[in-house]
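Peer 1: Take this structure first; my questions come after.
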Amino acid sequence: MLVFRNIFTLFIFAFLIQFFIPGSSGFAHSTLQQTYPKEGEKLSESPSSIEMWFQDPVVLHPESIQLDDASGNHINIDKAVVDPDDKSHIIANLTEKLPAGHYVARINVIALDGFVLQEELNFQVVKQKNEEKKEELRILKYSPDDGEIVEGSPQKMDLWFNQPTELTAIGVFDDNQQSIKTEEPFVDPNDPSHIMIEFAEELPKGTYQVTWYARPSTLNGKNQPDILDVFYFAVNEFTPIKQLNMGDPTRSIWFKSMGFKQLGYWLQFIGISILFGSTFFHSAILKRRNSLKWNKLSSVLLLFVILGISIIFIKQKGELESLSLTQLLSLKFVWIPILQIVLLLTGLLFKKAKLFLYGIALLLMTLITGHAAYPRYGGNLSVIVNAVHLLAASIWIGGLFAIITIPKKGEIKELLKDTLPKFSKWALISLIVIIVTGLYMKNQYVPSFSINSFIKSEWGKAIAVKVVVTLIIFIIGFFQRRTIKKLTTNAVNTVLNRARVELVYAALIIFFASLLVVSTPGAAEQGVYPSSIEKENIELNVDFMPLYPGLNVLTMDFGGEEVKSVEVTLSMPPNYNVTYKAFKIDDGVFKITGNLLHAAGTMGMSVKAIKANEEEIEFPFEIVIPGEMRFNE
């Protein structure tokens with residue numbers, strides 16, 4: 001009963017520590033979503049602060065935001081602080097006004113699992129001119145219109161701007177991305193803001209993309225940069241724009257994220273897991289005092305943990321080289337591993353408290369590694385499930401290690417005849433718990449995916465290997481239980497040999513678990529999620545084909561509802577925002593084609609539908625695009 005009380009106490013401790021360690025809940029890898037000033041922004045006066053908004057809360061240190069001028073001179077600013085009303089918002093106030101010039105803010109923050117996020121923000125302070133600010137150039141309308149299906153080949157295109165304009169370049173491409181010949185653009189002599197482009201050939205049926213560059217034709221406008229825009233029209237029928245044959249991409253079956261730091265996690269995981277699990281075996285199953293051999297093995301496993309933590313520390317020190325040793329030690333990703341070492345050392349000295357101290361050291365892993373603490377991945381509940389997962393895995397792996405290292409060979413067979421049936425039950429329970437909690441976390445991390453997106457991602461590949469190895473262990477365990485139920489002295493050697501094989505597979509599982517820490521679950525996810533419930537009794541179904549960066553077709557089906565026109569706005573922080581007019585294919589069915597999903601990550605989509613009675617309805621969506629090089633995660 002003492003063992004069970006210790007485990008219950010560990011769970012209470014794990015839950016309470018979420019609240020007593022500052023910022024321990026809801027932190028993990030994050031992404032810069034918004035800044036003030038904006039990237040590349042020209043300000044007419046000095047900002048009073050540098051501000052950042054991240055996807056998830058982050059941890060700060062004294063050098064989290066540094067500001068330099070164009071010559072590289074450091075500018076003193078206040079220490080960055082977290083907005084008390086928004087933990088994902090950090091602020092560094094300026095102590096003095098900035099003169100006109102170029103500036104770069106260097107951002108260095110840390111996720112709770114110790115990953116360092118580095119960004120740069122460039123902006124300018126320009127001298128304010130007395131002259132009236134000129135209106136920016138923008139397009140007013142097209143003919144053929146964006147999203148229009150025209151009957152028969154058009155003779156020309158018309159572009160109307162808000163001011164006299166010079167068209168510096170224009171290209172028309174068919175649905176095979178082949179260039180269409182056009183005559184030289186010319187300006188309407190009666191309206192300098194109206195530009196016409198005649199086609200030099202007849203256009204076959206299908207969809208066309210028009211890409212143009214323009215700038216104001218006034219004398220002052222000549223010094224302004226060109227603006228770029230794209231629109232689409234179709235002749236007779238809508239057709240998807242096809243991807244050119246770029247050859248088969250080279251795919252690595254191995255893991256690019258594997259490296260020095262991942263080795264450190266593996267050593268840390270395997271050391272702490274076996275220390276706790278083997279101690280549990282000796283205390284709860286074997287019920288014998290620890291032997292001299294086990295004490296020596298415990299010291300070796302502790303060295304594994306110290307070596308793993310040292311590797312991680314060296315890697316983090318290199319990523320945070322501007323911090324002094326004192327500042328580095330103040331970070332929880334440094335002092336929590338040190339606390340783990342202290343707990344393990346104390347456990348070696350105080351045998352009665354060993355199981356409890358080792359358990360605390362094990363559960364502290366959930367506070368500094370993995371993705372469980374993301375708010376979007378479940379927060380505290382996922383942290384607790386992850387803790388249960390770790391405990392179950394440790395009991396199973398540590399028990400296997402203890403069985404094959406039991407001393408006194410003359411007594412081992414008789415000893416195991418009494419012990420193995422008990423451990424077999426614990427191992428079965430642990431394996432079931434590992435599978436159930438693993439499935440829960442997989443569903444939390446990657447709620448929607450395709451087999452292709454899952455296997456292409458490093459996170460998905462690591463999970464797939466873990467699943468395969470777990471199934472192999474499950475099969476071995478099945479035969480083990482059958483042998484143990486009819487255990488004879490001669491069969492003990494068979495059980496021990498299988499236990500050694502299981503332990504090798506267990507070490508392999510921990511190896512791939514350490515890969516999960518350094519990989520991104522979002523790389524395996526793909527899906528389109530509505531951000532609100534059905535509106536005005538209109539149900540909108542959307543589908544991207546394919547749901548990958550590159551050329552796509554977006555289909556929107558309003559279920560036969562009378563919808564006159566549709567506009568789609570795609571956005572991705574920090575500053576990507578583009579609007580398309582959709583082609584009407586059928587009653588209530590609209591489509592868009594082109595390079596819609598330009599990068600892996602999370603993209604916002606707003607679908608604005610205008611009904612026949614001119615009523616506007618807006619449908620917000622979130623699109624998760626799979627891929628390792630994520631723009632917004």
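Ordering of the structure tokens sets the chain letters (A, B, ...), residue numbers begin anew at 1 in every chain, and ligands are numbered from 1 in the order given.
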If you run DSSP on this backbone, which residues of range 503-628 of chain A come out as helix (DSSP H, G or I), and could you give them as a list in words?
Peer 2: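 Restricting range 503-628 of chain A to helix (DSSP H, G or I) produces Leu503, Val504, Tyr505, Ala506, Ala507, Leu508, Ile509, Ile510, Phe511, Phe512, Ala513, Ser514, Leu515, Leu516, Val517, Val518, Pro521, Gly522 and Ala523 of chain A.
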Peer 1: Taking 5 positions as the minimum chain separation for residues in the same chain, which residues sit within 8 Å of range 259-272 of chain A when counting only C-alpha atoms? Answer as a PyMOL selection string.
Peer 2: chain A and resi 301-302+304-312+315+358+361-362+507+510-511+513-515+517-518
Peer 1: If we count only C-alpha atoms, what is near range 418-434 of chain A at a cut-off of 8 Å, once residues fewer than 4 positions away on the same chain are taken out, given as a ChimeraX atom specification?
Peer 2: /A:281,285-286,388-389,392-393,395-396,399,414,438,474,477,481,484-485
Peer 1: For range 231-241 of chain A, please output as number ranges by chain all residues within 8 Å (counting only C-alpha atoms; exclusion window: fewer than 6 positions along the same chain).
Peer 2: A: 144-153, 174-177, 203-211, 551-553, 580, 583, 585, 593-594
Peer 1: List the neighbours of range 440-451 of chain A out to 12 Å using only C-alpha atoms; skip same-chain residues closer than 6 positions along the sequence, and give me the result as a compact mmCIF listing (two decimals) with N, CA and C atoms, in the first residue's frame.
Peer 2:
```txt
# COMPACT_ATOMS: atom_id res chain seq x y z
N GLY A 370 8.67 18.14 -24.61
CA GLY A 370 7.45 17.67 -25.26
C GLY A 370 6.48 18.79 -25.58
N HIS A 371 5.35 18.39 -26.19
CA HIS A 371 4.37 19.35 -26.70
C HIS A 371 3.08 19.37 -25.87
N ALA A 372 3.03 18.60 -24.79
CA ALA A 372 1.77 18.43 -24.06
C ALA A 372 1.23 19.75 -23.49
N ALA A 373 2.14 20.68 -23.13
CA ALA A 373 1.69 21.89 -22.46
C ALA A 373 1.15 22.97 -23.37
N TYR A 374 1.18 22.77 -24.71
CA TYR A 374 0.56 23.75 -25.60
C TYR A 374 -0.90 23.94 -25.20
N PRO A 375 -1.40 25.18 -25.13
CA PRO A 375 -2.84 25.37 -24.89
C PRO A 375 -3.68 24.67 -25.95
N ARG A 376 -3.22 24.70 -27.21
CA ARG A 376 -4.00 24.08 -28.28
C ARG A 376 -3.90 22.56 -28.25
N TYR A 377 -2.99 22.02 -27.46
CA TYR A 377 -2.86 20.57 -27.36
C TYR A 377 -3.40 20.01 -26.05
N GLY A 378 -4.12 20.82 -25.29
CA GLY A 378 -4.78 20.28 -24.11
C GLY A 378 -4.35 20.86 -22.79
N GLY A 379 -3.21 21.56 -22.73
CA GLY A 379 -2.79 22.20 -21.49
C GLY A 379 -2.58 21.22 -20.36
N LEU A 381 -4.48 19.07 -18.81
CA LEU A 381 -4.96 17.70 -18.98
C LEU A 381 -3.96 16.87 -19.78
N SER A 382 -3.43 17.44 -20.85
CA SER A 382 -2.45 16.71 -21.66
C SER A 382 -1.15 16.49 -20.87
N VAL A 383 -0.78 17.45 -20.03
CA VAL A 383 0.41 17.27 -19.19
C VAL A 383 0.22 16.09 -18.24
N ILE A 384 -0.97 15.99 -17.64
CA ILE A 384 -1.24 14.87 -16.72
C ILE A 384 -1.26 13.54 -17.47
N VAL A 385 -1.90 13.52 -18.66
CA VAL A 385 -1.91 12.30 -19.47
C VAL A 385 -0.48 11.91 -19.86
N ASN A 386 0.33 12.90 -20.21
CA ASN A 386 1.72 12.64 -20.55
C ASN A 386 2.48 12.07 -19.35
N ALA A 387 2.17 12.59 -18.14
CA ALA A 387 2.81 12.07 -16.92
C ALA A 387 2.45 10.61 -16.70
N VAL A 388 1.17 10.27 -16.91
CA VAL A 388 0.73 8.87 -16.78
C VAL A 388 1.45 8.00 -17.81
N HIS A 389 1.59 8.52 -19.01
CA HIS A 389 2.29 7.80 -20.09
C HIS A 389 3.74 7.50 -19.68
N VAL A 433 -1.92 1.10 -20.79
CA VAL A 433 -1.92 2.54 -20.46
C VAL A 433 -1.10 3.32 -21.47
N ILE A 434 0.06 2.79 -21.87
CA ILE A 434 0.91 3.45 -22.86
C ILE A 434 0.15 3.64 -24.17
N SER A 457 5.93 13.53 -42.55
CA SER A 457 6.46 14.36 -41.47
C SER A 457 7.38 13.54 -40.56
N TRP A 459 7.61 13.86 -37.34
CA TRP A 459 6.81 13.49 -36.17
C TRP A 459 6.00 12.24 -36.46
N GLY A 460 5.35 12.21 -37.63
CA GLY A 460 4.54 11.06 -38.00
C GLY A 460 5.37 9.80 -38.20
N LYS A 461 6.56 9.96 -38.82
CA LYS A 461 7.43 8.80 -39.01
C LYS A 461 7.86 8.22 -37.67
N ALA A 462 8.20 9.09 -36.72
CA ALA A 462 8.62 8.61 -35.39
C ALA A 462 7.47 7.88 -34.70
N ILE A 463 6.25 8.42 -34.83
CA ILE A 463 5.08 7.76 -34.23
C ILE A 463 4.85 6.40 -34.90
N ALA A 464 4.98 6.35 -36.22
CA ALA A 464 4.75 5.10 -36.95
C ALA A 464 5.74 4.02 -36.50
N VAL A 467 4.75 2.80 -33.08
CA VAL A 467 3.58 1.91 -33.15
C VAL A 467 4.00 0.51 -33.58
N LEU A 516 10.49 12.77 -31.06
CA LEU A 516 9.23 13.50 -31.02
C LEU A 516 9.39 14.85 -30.34
N THR A 520 7.96 18.49 -35.00
CA THR A 520 6.76 19.33 -34.91
C THR A 520 5.52 18.53 -35.28
N PRO A 521 4.55 18.36 -34.34
CA PRO A 521 3.32 17.63 -34.68
C PRO A 521 2.56 18.26 -35.83
N GLY A 522 2.57 19.60 -35.91
CA GLY A 522 1.82 20.30 -36.95
C GLY A 522 2.26 19.94 -38.35
N ALA A 523 3.50 19.42 -38.50
CA ALA A 523 3.97 19.03 -39.82
C ALA A 523 3.19 17.85 -40.37
N ALA A 524 2.55 17.06 -39.49
CA ALA A 524 1.76 15.90 -39.92
C ALA A 524 0.29 16.24 -40.11
N GLU A 525 -0.14 17.36 -39.57
CA GLU A 525 -1.57 17.69 -39.58
C GLU A 525 -1.97 18.38 -40.88
N GLN A 526 -3.17 18.06 -41.36
CA GLN A 526 -3.77 18.83 -42.44
C GLN A 526 -5.28 18.83 -42.22
N GLY A 527 -5.89 19.96 -42.51
CA GLY A 527 -7.34 20.04 -42.33
C GLY A 527 -7.84 21.45 -42.51
N VAL A 528 -9.14 21.55 -42.73
CA VAL A 528 -9.83 22.84 -42.82
C VAL A 528 -10.87 22.85 -41.71
N TYR A 529 -10.70 23.77 -40.76
CA TYR A 529 -11.55 23.81 -39.58
C TYR A 529 -12.39 25.08 -39.58
N PRO A 546 -4.80 19.97 -54.13
CA PRO A 546 -4.46 19.24 -52.91
C PRO A 546 -4.29 20.21 -51.75
N LEU A 547 -4.25 19.69 -50.54
CA LEU A 547 -4.04 20.53 -49.36
C LEU A 547 -2.55 20.57 -49.04
N TYR A 548 -1.79 21.11 -50.00
CA TYR A 548 -0.33 21.23 -49.88
C TYR A 548 0.08 22.55 -50.52
N ILE A 623 -7.03 26.95 -41.81
CA ILE A 623 -6.48 25.91 -42.68
C ILE A 623 -5.11 25.52 -42.14
N VAL A 624 -4.91 24.23 -41.89
CA VAL A 624 -3.62 23.72 -41.45
C VAL A 624 -2.99 22.97 -42.62
N ILE A 625 -1.86 23.49 -43.09
CA ILE A 625 -1.18 22.96 -44.27
C ILE A 625 0.04 22.16 -43.80
N PRO A 626 0.16 20.88 -44.19
CA PRO A 626 1.27 20.06 -43.68
C PRO A 626 2.60 20.44 -44.29
N GLY A 627 3.67 20.10 -43.58
CA GLY A 627 5.01 20.38 -44.07
C GLY A 627 5.95 20.71 -42.94
```
